[in-house]
file upload-v6.cif (mmCIF, C-alpha atoms)
data_my_file
#
loop_
_atom_site.label_atom_id
_atom_site.label_comp_id
_atom_site.auth_asym_id
_atom_site.auth_seq_id
_atom_site.Cartn_x
_atom_site.Cartn_y
_atom_site.Cartn_z
CA MET A 1 -63.69 44.92 -152.76
CA VAL A 2 -61.00 42.60 -154.08
CA ASP A 3 -63.52 39.78 -154.53
CA THR A 4 -65.77 42.02 -156.61
CA THR A 5 -62.86 43.11 -158.79
CA ILE A 6 -61.74 39.53 -159.39
CA SER A 7 -65.25 38.28 -160.15
CA HIS A 8 -65.91 41.11 -162.62
CA GLY A 9 -62.52 40.49 -164.23
CA ILE A 10 -63.29 36.81 -164.73
CA PHE A 11 -66.72 37.59 -166.15
CA PHE A 12 -65.57 40.30 -168.56
CA VAL A 13 -62.67 38.20 -169.86
CA THR A 14 -64.60 34.97 -170.44
CA LEU A 15 -67.77 36.52 -171.89
CA PRO A 16 -66.14 37.74 -175.14
CA LEU A 17 -64.35 34.40 -175.53
CA VAL A 18 -67.64 32.50 -175.24
CA ILE A 19 -69.33 34.81 -177.75
CA ILE A 20 -66.47 34.37 -180.24
CA ALA A 21 -66.49 30.60 -179.79
CA CYS A 22 -70.24 30.46 -180.42
CA GLY A 23 -69.81 32.56 -183.55
CA PHE A 24 -67.13 30.27 -184.94
CA ALA A 25 -69.25 27.22 -184.12
CA ALA A 26 -72.12 28.73 -186.13
CA LEU A 27 -70.06 28.88 -189.33
CA THR A 28 -71.33 26.46 -191.93
CA ASP A 29 -69.64 25.09 -195.01
CA ASP A 30 -71.77 27.44 -197.11
CA VAL A 31 -70.27 30.49 -195.41
CA ILE A 32 -66.75 29.16 -195.89
CA GLU A 33 -67.44 28.38 -199.56
CA ALA A 34 -68.85 31.89 -200.10
CA ALA A 35 -65.73 33.39 -198.53
CA GLN A 36 -63.53 31.33 -200.85
CA VAL A 37 -65.54 32.45 -203.89
CA MET A 38 -64.95 36.05 -202.81
CA GLY A 39 -61.19 35.48 -202.66
CA ALA A 40 -60.42 34.22 -199.17
CA PRO A 41 -57.55 31.73 -199.00
CA LEU A 42 -58.24 28.06 -198.37
CA PRO A 43 -58.31 27.20 -194.65
CA LYS A 44 -55.44 25.21 -193.20
CA CYS A 45 -57.95 23.08 -191.31
CA SER A 46 -59.61 19.77 -191.74
CA GLY A 47 -63.16 19.84 -190.47
CA ARG A 48 -63.56 21.73 -187.21
CA SER A 49 -60.04 21.14 -185.84
CA CYS A 50 -57.46 23.65 -187.02
CA CYS A 51 -53.77 22.97 -187.11
CA PRO A 52 -51.28 25.76 -186.30
#
call {"tool": "encode", "arguments": {"input": "upload-v6.cif", "output": "structure tokens"}}
result
Amino acid sequence: MVDTTISHGIFFVTLPLVIIACGFAALTDDVIEAAQVMGAPLPKCSGRSCCP
């Protein structure tokens, strides 16, 4: 019972993180430029690596 709980917990925590990471990886420069045209602030990143 404990093994099932732990395995489901690991799966349901990592799955959303993988989906979010894939979504961010799919962003192109065109999408970022369109967001800036619509009023989004300039990103504090250079390329794909963001700085805190």
call {"tool": "atom_distance", "arguments": {"input": "upload-v6.cif", "atom1": "atom CA of Val2 of chain A", "atom2": "atom CA of Thr14 of chain A"}}
result
18.4 Å
call {"tool": "atom_distance", "arguments": {"input": "upload-v6.cif", "atom1": "atom CA of Asp30 of chain A", "atom2": "atom CA of Leu42 of chain A"}}
result
13.6 Å
call {"tool": "atom_distance", "arguments": {"input": "upload-v6.cif", "atom1": "atom CA of Met38 of chain A", "atom2": "atom CA of Cys22 of chain A"}}
result
23.7 Å
